[in-house]
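Below is start-v1.txt, holding compact mmCIF, C-alpha atoms.
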# COMPACT_ATOMS: atom_id res chain seq x y z
CA MET A 1 -22.31 4.15 -23.69
CA GLU A 2 -19.48 2.90 -25.83
CA LEU A 3 -17.32 2.52 -22.76
CA TRP A 4 -20.04 0.59 -21.04
CA ASN A 5 -20.42 -1.80 -23.97
CA GLU A 6 -16.71 -2.30 -24.00
CA ALA A 7 -16.71 -3.00 -20.29
CA VAL A 8 -19.50 -5.54 -20.59
CA ALA A 9 -17.80 -7.20 -23.54
CA SER A 10 -14.46 -7.43 -21.79
CA SER A 11 -15.91 -8.74 -18.56
CA GLU A 12 -17.75 -11.42 -20.52
CA ALA A 13 -14.52 -12.28 -22.26
CA GLY A 14 -12.85 -12.48 -18.87
CA GLU A 15 -15.45 -14.92 -17.64
CA ARG A 16 -14.96 -17.13 -20.66
CA GLU A 17 -11.21 -17.18 -20.23
CA GLY A 18 -11.51 -18.71 -16.80
CA LEU A 19 -12.08 -17.50 -13.30
CA ILE A 20 -8.61 -16.63 -12.16
CA ASN A 21 -7.93 -14.44 -15.14
CA ASN A 22 -10.01 -11.41 -14.44
CA GLY A 23 -9.52 -9.14 -17.36
CA HIS A 24 -6.94 -6.62 -18.36
CA ILE A 25 -6.28 -3.04 -17.41
CA SER A 26 -5.04 -0.35 -19.72
CA ALA A 27 -1.64 1.28 -19.37
CA ARG A 28 -3.33 4.55 -18.39
CA GLN A 29 -5.22 2.86 -15.59
CA PHE A 30 -2.03 1.22 -14.46
CA MET A 31 -0.30 4.58 -14.31
CA ILE A 32 -3.11 6.00 -12.19
CA LEU A 33 -2.96 2.98 -9.92
CA VAL A 34 0.79 3.45 -9.47
CA THR A 35 0.36 7.14 -8.71
CA LEU A 36 -2.44 6.74 -6.19
CA PHE A 37 -0.79 3.70 -4.65
CA ALA A 38 2.55 5.36 -4.12
CA ILE A 39 0.91 8.43 -2.64
CA GLY A 40 -1.20 6.17 -0.44
CA ASP A 41 -0.57 6.70 3.24
CA ALA A 42 2.71 8.45 2.46
CA ILE A 43 0.83 11.73 2.02
CA LEU A 44 -0.07 11.58 5.71
CA TYR A 45 3.22 10.42 7.17
CA VAL A 46 6.01 11.51 4.86
CA PRO A 47 6.17 15.19 5.91
CA SER A 48 6.70 14.42 9.59
CA LEU A 49 8.86 11.35 8.96
CA THR A 50 11.32 13.10 6.68
CA ALA A 51 11.34 16.15 8.94
CA THR A 52 12.26 14.02 11.98
CA ALA A 53 15.78 13.66 10.69
CA ALA A 54 16.21 16.32 8.03
CA LYS A 55 14.37 19.17 9.79
CA GLN A 56 13.95 22.12 7.44
CA ASP A 57 15.74 20.27 4.65
CA ALA A 58 13.04 17.59 4.40
CA TRP A 59 12.15 18.78 0.93
CA ILE A 60 15.66 17.88 -0.25
CA SER A 61 15.18 14.38 1.15
CA ALA A 62 12.02 14.09 -0.87
CA LEU A 63 13.73 15.45 -3.98
CA ILE A 64 16.40 12.76 -3.77
CA GLY A 65 13.52 10.31 -3.67
CA TRP A 66 12.80 11.06 -7.33
CA GLY A 67 16.04 9.42 -8.38
CA GLU A 68 15.53 6.50 -6.04
CA GLY A 69 11.97 6.02 -7.17
CA PHE A 70 13.13 5.95 -10.76
CA LEU A 71 15.87 3.39 -10.11
CA LEU A 72 13.63 1.14 -8.02
CA THR A 73 10.87 1.22 -10.61
CA TYR A 74 13.46 0.42 -13.25
CA LEU A 75 14.44 -2.65 -11.23
CA TYR A 76 10.84 -3.83 -10.96
CA ILE A 77 10.27 -3.24 -14.64
CA SER A 78 13.32 -5.21 -15.70
CA LEU A 79 12.16 -8.05 -13.49
CA SER A 80 8.61 -7.98 -14.86
CA MET A 81 9.72 -7.57 -18.48
CA ARG A 82 11.79 -10.73 -18.22
CA TYR A 83 8.67 -12.74 -17.56
CA PRO A 84 5.86 -10.97 -19.36
CA ASN A 85 2.31 -12.04 -18.56
CA LYS A 86 3.41 -14.03 -15.55
CA SER A 87 2.82 -12.91 -12.00
CA ILE A 88 5.60 -12.72 -9.43
CA PHE A 89 4.27 -15.81 -7.67
CA GLN A 90 4.68 -17.83 -10.85
CA TYR A 91 8.10 -16.72 -11.93
CA SER A 92 9.61 -16.89 -8.46
CA GLU A 93 8.95 -20.62 -8.76
CA ASP A 94 10.43 -20.68 -12.25
CA ILE A 95 13.57 -18.98 -11.04
CA LEU A 96 14.25 -20.49 -7.63
CA GLY A 97 12.69 -23.87 -8.06
CA LYS A 98 9.44 -25.07 -6.62
CA TRP A 99 10.07 -24.90 -2.87
CA MET A 100 12.32 -21.88 -2.64
CA GLY A 101 9.97 -20.11 -5.01
CA LYS A 102 7.05 -20.88 -2.77
CA VAL A 103 8.96 -19.62 0.27
CA VAL A 104 9.68 -16.33 -1.49
CA ALA A 105 6.06 -16.08 -2.59
CA ILE A 106 4.84 -16.65 0.96
CA LEU A 107 7.26 -14.03 2.28
CA PHE A 108 5.88 -11.58 -0.24
CA ILE A 109 2.32 -12.44 0.74
CA THR A 110 3.02 -11.77 4.42
CA TYR A 111 4.54 -8.44 3.43
CA PHE A 112 1.46 -7.49 1.41
CA PHE A 113 -0.82 -8.56 4.21
CA ILE A 114 1.07 -6.72 6.95
CA ASP A 115 1.12 -3.63 4.76
CA ALA A 116 -2.62 -3.86 4.17
CA SER A 117 -3.40 -4.25 7.88
CA LEU A 118 -1.06 -1.42 8.84
CA MET A 119 -2.78 0.94 6.46
CA LEU A 120 -6.19 -0.17 7.65
CA MET A 121 -5.05 0.73 11.12
CA GLU A 122 -3.73 4.07 9.93
CA ILE A 123 -7.08 5.03 8.47
CA GLY A 124 -8.84 3.86 11.62
CA ASP A 125 -6.47 5.83 13.79
CA PHE A 126 -6.82 8.91 11.62
CA VAL A 127 -10.60 8.88 11.71
CA THR A 128 -10.89 8.16 15.42
CA THR A 129 -8.29 10.67 16.54
CA GLN A 130 -9.05 13.52 14.16
CA ILE A 131 -12.63 13.37 12.95
CA MET A 132 -14.88 11.09 14.99
CA GLN A 133 -13.41 10.77 18.45
CA GLU A 134 -16.40 9.03 19.98
CA THR A 135 -16.73 6.20 17.49
CA PRO A 136 -15.04 2.94 18.44
CA ILE A 137 -12.24 2.15 16.04
CA GLU A 138 -13.61 -1.32 15.28
CA ILE A 139 -16.64 0.14 13.51
CA ILE A 140 -14.48 2.21 11.20
CA LEU A 141 -12.25 -0.75 10.45
CA VAL A 142 -15.18 -3.01 9.66
CA LEU A 143 -16.77 -0.44 7.36
CA PHE A 144 -13.54 0.11 5.51
CA THR A 145 -12.84 -3.58 5.21
CA VAL A 146 -16.26 -4.22 3.74
CA ILE A 147 -15.62 -1.64 1.03
CA ILE A 148 -12.19 -3.05 0.30
CA VAL A 149 -13.45 -6.62 0.15
CA MET A 150 -16.17 -5.49 -2.24
CA GLY A 151 -13.56 -3.81 -4.42
CA VAL A 152 -11.32 -6.84 -4.47
CA ARG A 153 -14.16 -9.23 -5.18
CA SER A 154 -15.29 -7.28 -8.20
CA GLY A 155 -11.83 -7.75 -9.67
CA ALA A 156 -8.83 -5.77 -10.77
CA GLU A 157 -10.54 -4.38 -13.82
CA VAL A 158 -13.33 -2.84 -11.81
CA PHE A 159 -11.21 -1.17 -9.15
CA SER A 160 -8.82 0.10 -11.80
CA ARG A 161 -11.76 1.82 -13.43
CA VAL A 162 -12.88 3.20 -10.08
CA SER A 163 -9.46 4.67 -9.45
CA GLU A 164 -9.52 6.17 -12.92
CA LEU A 165 -12.79 7.85 -11.98
CA LEU A 166 -11.48 9.06 -8.64
CA PHE A 167 -8.23 10.42 -10.01
CA PRO A 168 -9.61 13.81 -11.21
CA TYR A 169 -11.17 14.41 -7.79
CA PHE A 170 -7.89 13.64 -6.17
CA LEU A 171 -6.08 16.09 -8.46
CA LEU A 172 -8.66 18.80 -7.88
CA LEU A 173 -8.62 18.48 -4.10
CA PHE A 174 -4.85 18.29 -3.94
CA PHE A 175 -4.38 21.47 -5.94
CA VAL A 176 -7.11 23.25 -4.01
CA LEU A 177 -5.21 22.38 -0.85
CA ILE A 178 -1.89 23.63 -2.22
CA VAL A 179 -3.30 26.80 -3.74
CA PHE A 180 -5.34 27.86 -0.72
CA ILE A 181 -2.58 27.24 1.76
CA SER A 182 0.05 29.01 -0.35
CA PRO A 183 -0.67 32.53 1.04
CA GLN A 184 0.64 31.29 4.39
CA ILE A 185 3.98 30.15 3.04
CA GLN A 186 6.92 31.67 4.86
CA ILE A 187 10.23 31.25 3.14
CA GLU A 188 12.10 31.73 6.46
CA ASN A 189 10.92 28.27 7.50
CA VAL A 190 13.33 26.49 5.16
CA LYS A 191 16.33 28.54 6.20
CA PRO A 192 19.12 27.73 6.85
CA VAL A 193 19.49 25.28 4.00
CA LEU A 194 21.87 22.37 4.64
CA ALA A 195 22.72 23.59 8.13
CA HIS A 196 23.86 20.15 9.31
CA GLY A 197 25.36 18.81 6.10
CA MET A 198 24.07 15.92 4.06
CA ALA A 199 23.84 13.16 6.70
CA PRO A 200 20.46 14.13 8.23
CA ILE A 201 19.04 14.57 4.76
CA PHE A 202 19.81 10.95 4.01
CA GLY A 203 18.30 10.00 7.35
CA GLY A 204 15.06 11.62 6.22
CA ASN A 205 15.44 10.18 2.79
CA PHE A 206 15.75 6.60 4.12
CA ARG A 207 12.41 6.94 5.84
CA TYR A 208 10.93 8.28 2.64
CA MET A 209 12.44 5.36 0.74
CA GLY A 210 10.53 2.96 2.98
CA TYR A 211 7.42 4.19 1.24
CA LEU A 212 8.91 4.13 -2.24
CA LEU A 213 9.92 0.52 -1.73
CA GLU A 214 6.28 -0.42 -1.22
CA THR A 215 5.65 0.12 -4.93
CA VAL A 216 7.06 -3.39 -5.35
CA ILE A 217 3.51 -4.57 -4.65
CA LEU A 218 2.44 -3.23 -8.03
CA ILE A 219 4.53 -5.95 -9.67
CA VAL A 220 1.46 -8.10 -9.06
CA MET A 221 -0.64 -5.77 -11.21
CA PHE A 222 1.97 -5.51 -13.95
CA PRO A 223 1.03 -8.65 -15.93
CA LEU A 224 -2.57 -7.47 -16.14
CA VAL A 225 -1.56 -4.84 -18.68
CA LYS A 226 -1.63 -6.35 -22.13
CA ARG A 227 1.44 -4.67 -23.57
CA PRO A 228 4.42 -4.87 -21.22
CA ALA A 229 6.34 -2.06 -22.91
CA ARG A 230 3.52 0.39 -22.26
CA ALA A 231 3.05 -0.89 -18.74
CA ALA A 232 6.74 -0.22 -18.08
CA LYS A 233 6.37 3.36 -19.21
CA ALA A 234 3.26 3.76 -17.08
CA TYR A 235 5.06 2.33 -14.05
CA ILE A 236 7.89 4.87 -14.32
CA LEU A 237 5.59 7.79 -15.07
CA GLY A 238 3.32 6.89 -12.19
CA SER A 239 6.19 6.68 -9.76
CA LEU A 240 7.52 10.06 -10.91
CA PHE A 241 4.06 11.62 -10.56
CA SER A 242 3.63 10.32 -7.05
CA ASN A 243 7.07 11.63 -6.12
CA PHE A 244 6.03 15.00 -7.42
CA PHE A 245 2.95 15.06 -5.19
CA LEU A 246 4.85 13.85 -2.14
CA THR A 247 7.65 16.37 -2.60
CA MET A 248 5.03 19.07 -2.99
CA ILE A 249 3.18 18.21 0.20
CA THR A 250 6.42 17.86 2.15
CA SER A 251 7.73 21.22 1.00
CA VAL A 252 4.43 22.95 1.66
CA ALA A 253 4.20 21.43 5.13
CA ILE A 254 7.69 22.64 5.98
CA LEU A 255 7.08 26.06 4.41
CA VAL A 256 3.82 26.70 6.20
CA LEU A 257 4.17 24.93 9.53
CA GLY A 258 7.92 25.01 9.99
CA ALA A 259 10.06 21.96 10.66
CA ASP A 260 9.59 21.79 14.43
CA ILE A 261 5.82 21.67 14.33
CA THR A 262 5.75 19.26 11.39
CA VAL A 263 7.81 16.77 13.39
CA LEU A 264 5.45 16.94 16.35
CA LEU A 265 2.22 16.52 14.43
CA ALA A 266 0.72 13.12 13.77
CA TYR A 267 -0.95 14.20 10.54
CA PRO A 268 0.72 17.34 9.16
CA SER A 269 -1.24 17.24 5.89
CA TYR A 270 -4.49 17.37 7.83
CA THR A 271 -3.27 20.26 9.94
CA LEU A 272 -2.36 22.07 6.74
CA ALA A 273 -5.95 21.69 5.59
CA GLN A 274 -7.17 22.98 8.96
CA LYS A 275 -5.07 26.10 8.59
CA ILE A 276 -6.68 27.08 5.29
CA SER A 277 -8.40 30.39 5.80
CA ILE A 278 -9.21 32.76 2.99
CA GLY A 279 -10.47 36.11 4.27
CA ASN A 280 -11.76 34.55 7.52
CA PHE A 281 -14.58 33.16 5.45
CA PHE A 282 -13.45 30.16 3.45
CA GLU A 283 -12.19 27.82 6.14
CA ARG A 284 -12.76 24.54 7.98
CA ILE A 285 -12.64 22.49 4.84
CA GLU A 286 -10.29 19.90 6.30
CA VAL A 287 -12.71 17.01 6.08
CA LEU A 288 -13.09 17.65 2.38
CA MET A 289 -9.34 17.48 2.16
CA ALA A 290 -9.32 14.22 4.07
CA VAL A 291 -11.06 12.76 1.01
CA ILE A 292 -7.65 12.97 -0.68
CA TRP A 293 -6.19 10.28 1.52
CA PHE A 294 -9.40 8.32 1.70
CA ILE A 295 -9.05 7.93 -2.07
CA THR A 296 -5.36 7.08 -2.05
CA LEU A 297 -5.60 4.77 0.95
CA PHE A 298 -8.57 2.97 -0.55
CA VAL A 299 -6.60 2.30 -3.73
CA LYS A 300 -3.53 1.22 -1.81
CA ILE A 301 -5.26 -1.13 0.62
CA THR A 302 -7.32 -2.62 -2.18
CA ILE A 303 -4.22 -3.41 -4.20
CA CYS A 304 -2.42 -4.86 -1.20
CA PHE A 305 -5.40 -6.96 -0.31
CA TYR A 306 -5.88 -8.03 -3.90
CA ALA A 307 -2.21 -9.04 -4.09
CA THR A 308 -2.54 -11.01 -0.86
CA SER A 309 -5.60 -13.00 -1.85
CA ARG A 310 -4.35 -13.50 -5.39
CA GLY A 311 -0.99 -14.67 -4.06
CA ILE A 312 -2.55 -17.17 -1.67
CA ALA A 313 -4.70 -18.53 -4.49
CA TYR A 314 -1.66 -18.92 -6.76
CA THR A 315 0.67 -20.55 -4.29
CA LEU A 316 -1.93 -23.05 -3.16
CA GLY A 317 -3.06 -23.67 -6.72
CA LEU A 318 -6.64 -22.51 -6.27
CA ARG A 319 -8.82 -21.59 -9.20
CA ASP A 320 -10.37 -18.49 -7.69
CA TYR A 321 -9.27 -16.00 -5.09
CA ARG A 322 -12.65 -14.42 -4.40
CA GLN A 323 -13.81 -16.85 -1.72
CA LEU A 324 -10.74 -16.03 0.34
CA THR A 325 -11.52 -12.35 0.62
CA PHE A 326 -14.13 -12.41 3.39
CA PRO A 327 -12.23 -14.62 5.83
CA LEU A 328 -9.02 -12.73 5.02
CA GLY A 329 -10.82 -9.48 5.73
CA MET A 330 -11.79 -10.77 9.15
CA ILE A 331 -8.19 -11.73 9.89
CA MET A 332 -7.01 -8.38 8.60
CA ILE A 333 -9.17 -6.46 11.06
CA VAL A 334 -7.84 -8.38 14.03
CA VAL A 335 -4.24 -8.10 12.85
CA ALA A 336 -4.77 -4.39 12.32
CA LEU A 337 -6.04 -4.02 15.89
CA ALA A 338 -3.13 -6.03 17.21
CA THR A 339 -0.50 -4.03 15.36
CA MET A 340 -1.16 -0.76 17.09
CA PRO A 341 -1.25 -1.12 20.85
CA ASN A 342 -0.46 2.58 21.10
CA ARG A 343 0.61 5.43 18.93
CA PRO A 344 4.26 5.84 20.04
CA TYR A 345 4.90 2.14 19.41
CA PHE A 346 3.56 2.53 15.91
CA ASP A 347 5.57 5.69 15.27
CA THR A 348 8.85 4.04 16.27
CA PHE A 349 8.00 1.08 14.11
CA VAL A 350 7.28 3.18 11.05
CA SER A 351 10.28 5.44 11.43
CA GLU A 352 12.86 2.81 12.40
CA ILE A 353 11.84 -0.68 11.37
CA TRP A 354 9.66 -0.16 8.34
CA MET A 355 12.40 0.92 5.94
CA PRO A 356 14.75 -2.05 6.54
CA TYR A 357 11.74 -4.35 6.42
CA SER A 358 10.59 -2.93 3.09
CA LEU A 359 14.16 -2.98 1.85
CA THR A 360 14.16 -6.76 2.05
CA TYR A 361 11.14 -7.04 -0.19
CA GLY A 362 11.54 -3.94 -2.31
CA LEU A 363 15.22 -4.34 -3.07
CA PHE A 364 16.90 -7.57 -1.96
CA LEU A 365 14.33 -10.09 -3.13
CA PRO A 366 13.78 -8.52 -6.59
CA VAL A 367 17.54 -8.25 -7.07
CA LEU A 368 17.91 -11.86 -5.99
CA LEU A 369 15.21 -13.00 -8.41
CA LEU A 370 16.70 -10.95 -11.22
CA SER A 371 20.28 -12.13 -10.73
CA VAL A 372 19.42 -15.78 -10.21
CA GLY A 373 17.16 -15.60 -13.25
CA ALA A 374 19.97 -14.14 -15.32
CA LEU A 375 22.43 -16.81 -14.14
CA ARG A 376 19.99 -19.59 -14.94
CA ARG A 377 19.42 -18.32 -18.41
CA LYS A 378 23.17 -18.28 -19.07
CA LYS A 379 23.54 -21.83 -17.84
CA THR A 380 20.92 -23.14 -20.21
CA VAL A 381 22.64 -21.40 -23.10
CA CYS A 382 26.02 -23.00 -22.32
CA MET B 1 -21.96 -11.58 16.75
CA ILE B 2 -18.73 -12.75 15.17
CA LEU B 3 -20.07 -16.28 14.87
CA LEU B 4 -23.11 -14.85 13.11
CA ILE B 5 -20.96 -13.01 10.64
CA SER B 6 -18.83 -16.06 9.88
CA LEU B 7 -21.98 -18.10 9.44
CA LEU B 8 -23.25 -15.52 7.00
CA ILE B 9 -20.00 -15.58 5.05
CA ALA B 10 -20.09 -19.36 4.92
CA LEU B 11 -23.70 -19.27 3.72
CA VAL B 12 -22.77 -16.90 0.93
CA GLU B 13 -19.72 -18.76 -0.27
CA VAL B 14 -20.37 -22.45 0.27
CA PRO B 15 -23.10 -22.97 -2.36
CA TYR B 16 -20.87 -21.43 -4.99
CA LEU B 17 -17.92 -23.58 -4.01
CA ARG B 18 -20.04 -26.70 -3.91
CA ARG B 19 -21.60 -26.02 -7.26
CA ASN B 20 -18.21 -25.80 -8.90
CA ALA B 21 -16.83 -28.76 -6.94
CA MET B 22 -13.88 -26.78 -5.63
CA LYS B 23 -12.64 -29.08 -2.89
CA LYS B 24 -9.27 -27.47 -2.33
CA GLU B 25 -10.81 -24.01 -2.37
CA MET B 26 -13.36 -25.14 0.19
CA LEU B 27 -10.63 -26.41 2.50
CA VAL B 28 -8.60 -23.20 2.33
CA PHE B 29 -11.74 -21.15 2.74
CA PHE B 30 -12.71 -22.97 5.92
CA ILE B 31 -9.21 -22.84 7.38
CA LEU B 32 -9.11 -19.09 6.88
CA LEU B 33 -12.64 -18.68 8.18
CA VAL B 34 -11.88 -20.65 11.34
CA VAL B 35 -8.69 -18.64 11.92
CA GLY B 36 -10.58 -15.41 11.35
CA THR B 37 -13.41 -16.37 13.67
CA GLY B 38 -10.99 -17.55 16.33
CA LEU B 39 -9.01 -14.34 16.19
CA GLY B 40 -12.20 -12.30 16.22
CA ILE B 41 -13.48 -14.04 19.32
CA ALA B 42 -10.09 -13.74 21.00
CA GLU B 43 -10.09 -10.04 20.25
CA SER B 44 -13.58 -9.51 21.61
CA LEU B 45 -12.66 -11.39 24.81
CA GLU B 46 -9.65 -9.09 25.05
CA VAL B 47 -7.17 -11.91 24.98
CA ASN B 48 -3.67 -10.67 24.25
CA ILE B 49 -3.06 -11.35 20.59
CA PRO B 50 0.63 -11.52 19.62
CA ASN B 51 1.67 -8.52 17.62
CA PRO B 52 3.37 -9.46 14.34
CA LEU B 53 5.24 -6.16 14.40
CA ASP B 54 7.08 -7.34 17.52
CA TRP B 55 8.54 -10.23 15.55
CA ILE B 56 9.49 -7.98 12.67
CA THR B 57 11.08 -5.52 15.08
CA PHE B 58 13.01 -8.36 16.70
CA VAL B 59 14.43 -9.49 13.35
CA TYR B 60 15.16 -6.09 11.86
CA LYS B 61 16.32 -4.08 14.86
CA PRO B 62 20.08 -4.71 14.37
CA PHE B 63 19.80 -3.96 10.67
CA SER B 64 17.90 -0.76 11.37
CA ASP B 65 20.48 0.37 13.92
CA PHE B 66 23.17 -0.26 11.35
CA ILE B 67 21.46 1.72 8.58
CA TYR B 68 20.54 4.72 10.69
CA GLY B 69 23.89 4.52 12.46
CA ILE B 70 25.55 5.47 9.18
CA VAL B 71 23.69 8.70 8.79
CA GLU B 72 22.99 9.93 12.29
Starting from the file, give its structure as structure tokens.
Amino acid sequence: MELWNEAVASSEAGEREGLINNGHISARQFMILVTLFAIGDAILYVPSLTATAAKQDAWISALIGWGEGFLLTYLYISLSMRYPNKSIFQYSEDILGKWMGKVVAILFITYFFIDASLMLMEIGDFVTTQIMQETPIEIILVLFTVIIVMGVRSGAEVFSRVSELLFPYFLLLFFVLIVFISPQIQIENVKPVLAHGMAPIFGGNFRYMGYLLETVILIVMFPLVKRPARAAKAYILGSLFSNFFLTMITSVAILVLGADITVLLAYPSYTLAQKISIGNFFERIEVLMAVIWFITLFVKITICFYATSRGIAYTLGLRDYRQLTFPLGMIMIVVALATMPNRPYFDTFVSEIWMPYSLTYGLFLPVLLLSVGALRRKKTVC
Amino acid sequence: MILLISLLIALVEVPYLRRNAMKKEMLVFFILLVVGTGLGIAESLEVNIPNPLDWITFVYKPFSDFIYGIVE
């Protein structure tokens, strides 16, 4: 009841403050958003992607990701802390000047949008190939888009609360999956360790990094947290948590299925859930397990979509982003359908092109903004 | 079908925009809606829609070869 009153009070306050400013989220909610976001679609793809190059050493690739995740998050934090309470679309203009800033903002928006449509396609592909083979993919996409548009329209505060509510279910299901599959672990599957030296491990790690780099999108959510110092802590913690979950699922996939099968499978995590069998009685719970990535993908697409519509509203100087969500949703469905003509095309894209593409946005552009911002500040001092 | 949906969206949003006299918002809204409807119709007529991933692949392919060339 108290929580409800608080929610009502804060949403009223948000309305008074103006339309574009839609409330604040707490540091805890931000941490949960970071965790669920970074797990996102990675939970489905990371095991097979890292195993493509690193084979049985995929878990080492994922372990290295902890360090990378930490450093990248540190970069995003130092960028956001420089300009507290401003979104990336605003300070890119402050740093690079009006036009260059707008160009960078538009580049970021396209990245967010492409990411959102790709993930929409992933969920559509997952459902139509694994669960409901007869249903046309368009129906699934439309249903998902409607939910996402609803989430985005109700504002960041609302979907942060929803993800806070969903988080315990996610934890429960994830640990149920790990615990029930653990009897089938065979240590032989990870041997020999480091058979081909370090190079393939970095090959796997680069593909993993492509997913870590996507956390740059959360920069958009950063200014919504009232106290930047606590948001920074939450950002780092969330990224470490998500790395923990991803390393776990990768190692378990390798340990149970073996490297060769993991590479071949489209959705190794789902196959893991299919293999659960306790005493020939407790089995076939894979659809329950699929709820794990429905939760994480919902959070991730919602944030991407929110960032897109918010970004468009900022760069064009609109007062509200909500009206853009329905038309954008329509465009997103078509783009999603266009991006996956067939599965092999998509697989090559994700394993070869996605990481360099993300690298531009997740590393080069933030570093550029940070260094130019630092140079500018020095100039004004002199 | 798609026209119906876009009409519905317009019906939902336009009164709100008009009430608050958001001219610029209205313009952007209609541009996006027209693009969305156009793409939707093109898709349903099975016209070949350009794949944005092709463009990204075109730009990033050399870079990708370079990165993975180091490790593999």
Need the neighbours of (-8.0, -15.9, 9.8): which residues are at most 8 Å away, counting all atoms listed in the file, as a count of residues only? 14
Compare A:Thr302, A:Asn189, A:Thr315, A:Asn243 by their minimum atom-to-atom distance to Phe108 of chain A, counting only C-alpha atoms, and give me the closest one. A:Thr315
Residue neighbourhood Thr135 of chain A, 12 Å, only C-alpha atoms, exclusion window fewer than 6 positions, as number ranges by chain: A: 124-129, 141
Test item: residues at most 8 Å from Trp293 of chain A, only C-alpha atoms, excluding those fewer than 2 positions along its chain, as number ranges by chain: A: 40-41, 43-44, 289-291, 295-298
Could you give me the centre and size, in Å to one decimal, of an axis-aligned box around all listed atoms of segment 260-268 of chain A with 3 Å added on every side, as JSON?
{"center_x": 4.3, "center_y": 17.5, "center_z": 12.8, "size_x": 16.5, "size_y": 14.7, "size_z": 13.2}
Starting from chain B, keep only residues with some atom at most 7 Å from an atom of chain A, counting all atoms listed in the file, and report them as number ranges by chain. B: 9, 13, 24-25, 29, 32-33, 36, 39-40, 43, 49, 51-53, 57, 60-61, 63-64, 68, 71-72
Kindly indicate which residue among B:Leu27, B:Asn20, B:Ile41, B:Val59 lies nearest to Leu3 of chain B, using all atoms listed in the file for the distances.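 Comparing B:Leu27, B:Asn20, B:Ile41, B:Val59 against Leu3 of chain B, the winner is B:Ile41.
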What gap, in Å, lies between atom CA of Leu365 of chain A and atom CA of Lys300 of chain A?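 Pair atom CA of Leu365 of chain A / atom CA of Lys300 of chain A returns 21.2 Å.
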Which polymer residues have any atom within 8 Å of an atom of segment 66-77 of chain A, counting only C-alpha atoms, with same-chain residues fewer than 2 positions away left out, as a PyMOL selection string? chain A and resi 62-64+79-81+209+212-213+215-216+219+232+235-236+239-240+243-244+362-363+366-367
Rounded to one decimal place, report the atom CA of Leu96 of chain A-atom CA of Ala374 of chain A distance in Å. 11.5 Å
What is the atom CA of Ala156 of chain A to atom CA of Thr247 of chain A distance in Å? 28.8 Å
Name the closest residue to Leu257 of chain A among the candidates A:Ile32, A:Ile181, A:Ala307, A:Asn342; distances are taken between atoms, counting only C-alpha atoms.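 Residue with the minimum atom-to-atom distance to Leu257 of chain A: A:Ile181.
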Nearest residue to Leu194 of chain A out of A:Gly101, A:Leu359, A:Tyr314, A:Ile60, using only C-alpha atoms?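 Looking only at the distances to Leu194 of chain A, the closest residue turns out to be A:Ile60.
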Atoms are missing here; could segment 116-127 of chain A be completed with N, CA and C atoms and written as a PDB file, keeping the file's coordinate frame?
ATOM      1  N   ALA A 116      -1.191  -4.156   4.244  1.00  0.00           N
ATOM      2  CA  ALA A 116      -2.620  -3.860   4.170  1.00  0.00           C
ATOM      3  C   ALA A 116      -3.188  -3.603   5.557  1.00  0.00           C
ATOM      4  N   SER A 117      -2.828  -4.445   6.544  1.00  0.00           N
ATOM      5  CA  SER A 117      -3.400  -4.250   7.880  1.00  0.00           C
ATOM      6  C   SER A 117      -2.884  -2.967   8.523  1.00  0.00           C
ATOM      7  N   LEU A 118      -1.605  -2.654   8.267  1.00  0.00           N
ATOM      8  CA  LEU A 118      -1.060  -1.420   8.840  1.00  0.00           C
ATOM      9  C   LEU A 118      -1.831  -0.212   8.316  1.00  0.00           C
ATOM     10  N   MET A 119      -2.100  -0.231   7.007  1.00  0.00           N
ATOM     11  CA  MET A 119      -2.780   0.940   6.460  1.00  0.00           C
ATOM     12  C   MET A 119      -4.217   1.011   6.921  1.00  0.00           C
ATOM     13  N   LEU A 120      -4.827  -0.154   7.104  1.00  0.00           N
ATOM     14  CA  LEU A 120      -6.190  -0.170   7.650  1.00  0.00           C
ATOM     15  C   LEU A 120      -6.188   0.484   9.021  1.00  0.00           C
ATOM     16  N   MET A 121      -5.154   0.144   9.791  1.00  0.00           N
ATOM     17  CA  MET A 121      -5.050   0.730  11.120  1.00  0.00           C
ATOM     18  C   MET A 121      -4.818   2.234  11.040  1.00  0.00           C
ATOM     19  N   GLU A 122      -4.011   2.645  10.063  1.00  0.00           N
ATOM     20  CA  GLU A 122      -3.730   4.070   9.930  1.00  0.00           C
ATOM     21  C   GLU A 122      -5.017   4.849   9.665  1.00  0.00           C
ATOM     22  N   ILE A 123      -5.851   4.306   8.775  1.00  0.00           N
ATOM     23  CA  ILE A 123      -7.080   5.030   8.470  1.00  0.00           C
ATOM     24  C   ILE A 123      -7.990   5.043   9.697  1.00  0.00           C
ATOM     25  N   GLY A 124      -8.025   3.907  10.418  1.00  0.00           N
ATOM     26  CA  GLY A 124      -8.840   3.860  11.620  1.00  0.00           C
ATOM     27  C   GLY A 124      -8.358   4.860  12.651  1.00  0.00           C
ATOM     28  N   ASP A 125      -7.051   4.904  12.811  1.00  0.00           N
ATOM     29  CA  ASP A 125      -6.470   5.830  13.790  1.00  0.00           C
ATOM     30  C   ASP A 125      -6.728   7.266  13.376  1.00  0.00           C
ATOM     31  N   PHE A 126      -6.581   7.541  12.089  1.00  0.00           N
ATOM     32  CA  PHE A 126      -6.820   8.910  11.620  1.00  0.00           C
ATOM     33  C   PHE A 126      -8.249   9.338  11.904  1.00  0.00           C
ATOM     34  N   VAL A 127      -9.206   8.491  11.537  1.00  0.00           N
ATOM     35  CA  VAL A 127     -10.600   8.880  11.710  1.00  0.00           C
ATOM     36  C   VAL A 127     -10.945   9.023  13.188  1.00  0.00           C
TER      37      VAL A 127
END
